[in-house]
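Participant: Input: one structure, supplied below.
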Amino acid sequence: MQTLLTNTWYSADISKPWLGRLVLCLFSDGHHAVAAWNGAYWVSQQGIRIDRVNTVTHFYIFERLTDNSY
């Protein structure tokens, strides 16, 4: 199993984030959105399957804001 680090961009063809983890995604048309990998396909923050036309090419695992972050 590959170790994934936060604050790093990864190719979606090579790696996937852990299940259900919200990440910033770069899509094939150049736009960015927050999404999660559910083990079979990418889903939006609302749990809706991401459009297959504009596929996720890369994802960025960001640090979550916690009470101790500020």
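For the structure tokens, the naming scheme is as follows: chains receive sequential letters (A, B, ...) according to their order of presentation, residues are indexed from 1 within each chain, and ligands are indexed from 1 in presentation order.
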Write out as a PDB file with N, CA, C and O atoms, in the first residue's frame each polymer residue whose atoms come within 10 Å of Leu4 (chain A), counting only C-alpha atoms; drop sequence neighbours fewer than 3 positions from it.
Facilitator:
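The result, stored in result-v1.pdb:
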```pdb
ATOM      1  N   MET A   1       0.839  -1.185   0.000  1.00  0.00           N
ATOM      2  CA  MET A   1       0.000   0.000   0.000  1.00  0.00           C
ATOM      3  C   MET A   1       0.884   1.249   0.000  1.00  0.00           C
ATOM      4  O   MET A   1       1.845   1.351   0.748  1.00  0.00           O
ATOM      5  N   ASN A   7      -0.744  17.833   1.431  1.00  0.00           N
ATOM      6  CA  ASN A   7      -0.118  18.973   0.748  1.00  0.00           C
ATOM      7  C   ASN A   7       0.736  18.538  -0.438  1.00  0.00           C
ATOM      8  O   ASN A   7       1.784  19.107  -0.707  1.00  0.00           O
ATOM      9  N   THR A   8       0.252  17.541  -1.159  1.00  0.00           N
ATOM     10  CA  THR A   8       0.965  17.000  -2.311  1.00  0.00           C
ATOM     11  C   THR A   8      -0.038  16.670  -3.409  1.00  0.00           C
ATOM     12  O   THR A   8      -1.106  16.154  -3.136  1.00  0.00           O
ATOM     13  N   TRP A   9       0.324  16.961  -4.669  1.00  0.00           N
ATOM     14  CA  TRP A   9      -0.500  16.587  -5.816  1.00  0.00           C
ATOM     15  C   TRP A   9      -0.136  15.174  -6.252  1.00  0.00           C
ATOM     16  O   TRP A   9       1.032  14.809  -6.272  1.00  0.00           O
ATOM     17  N   TYR A  10      -1.138  14.381  -6.633  1.00  0.00           N
ATOM     18  CA  TYR A  10      -0.938  13.022  -7.129  1.00  0.00           C
ATOM     19  C   TYR A  10      -1.694  12.825  -8.427  1.00  0.00           C
ATOM     20  O   TYR A  10      -2.771  13.392  -8.619  1.00  0.00           O
ATOM     21  N   SER A  15      -2.575   6.815  -8.381  1.00  0.00           N
ATOM     22  CA  SER A  15      -2.974   6.688  -6.977  1.00  0.00           C
ATOM     23  C   SER A  15      -4.411   7.150  -6.783  1.00  0.00           C
ATOM     24  O   SER A  15      -4.959   7.854  -7.618  1.00  0.00           O
ATOM     25  N   LYS A  16      -4.969   6.768  -5.661  1.00  0.00           N
ATOM     26  CA  LYS A  16      -6.278   7.264  -5.229  1.00  0.00           C
ATOM     27  C   LYS A  16      -6.171   7.588  -3.742  1.00  0.00           C
ATOM     28  O   LYS A  16      -5.433   6.937  -3.013  1.00  0.00           O
ATOM     29  N   PRO A  17      -6.900   8.612  -3.274  1.00  0.00           N
ATOM     30  CA  PRO A  17      -6.889   8.907  -1.835  1.00  0.00           C
ATOM     31  C   PRO A  17      -7.650   7.821  -1.076  1.00  0.00           C
ATOM     32  O   PRO A  17      -8.359   7.014  -1.677  1.00  0.00           O
ATOM     33  N   TRP A  18      -7.496   7.806   0.248  1.00  0.00           N
ATOM     34  CA  TRP A  18      -8.232   6.819   1.018  1.00  0.00           C
ATOM     35  C   TRP A  18      -9.722   7.088   0.881  1.00  0.00           C
ATOM     36  O   TRP A  18     -10.161   8.208   0.619  1.00  0.00           O
ATOM     37  N   ILE A  61      -4.207  16.322  -1.596  1.00  0.00           N
ATOM     38  CA  ILE A  61      -4.680  16.024  -0.247  1.00  0.00           C
ATOM     39  C   ILE A  61      -4.312  17.208   0.642  1.00  0.00           C
ATOM     40  O   ILE A  61      -3.135  17.444   0.911  1.00  0.00           O
TER      41      ILE A  61
END
```
Participant: Using the chain letters and numbers from this document, which residues of chain A does DSSP assign to strand (DSSP E), as a PyMOL selection string?
Facilitator: chain A and resi 8-11+23-27+32-37+42-44+56-61
Participant: Show me, as a ChimeraX atom specification, the residues that have an atom within 10 Å of Val34 (chain A) when counting only C-alpha atoms, minus same-chain residues fewer than 2 positions from it.
Facilitator: /A:21-26,32,36,43-45,59-60
Participant: Between CA of Leu5 (chain A) and CA of Gln46 (chain A), what distance in Å does the model show, to one decimal?
Facilitator: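 Rounded to one decimal, the two atoms are 24.6 Å apart.
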Participant: Distance CA of Phe62 (chain A)-CA of Asp29 (chain A), one decimal place?
Facilitator: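 CA of Asp29 (chain A) lies 21.4 Å from CA of Phe62 (chain A).
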Participant: CA of Thr6 (chain A) and CA of Asp67 (chain A), how far apart in Å?
Facilitator: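 Computing it gives 18.1 Å between the two atoms.
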Participant: For region 48-53 of chain A, find every residue with an atom within 10 Å (counting only C-alpha atoms), except residues of its own chain fewer than 5 positions away, and show them as an MDAnalysis selection string.
Facilitator: chainID A and resid 27:29 35:38 41:43
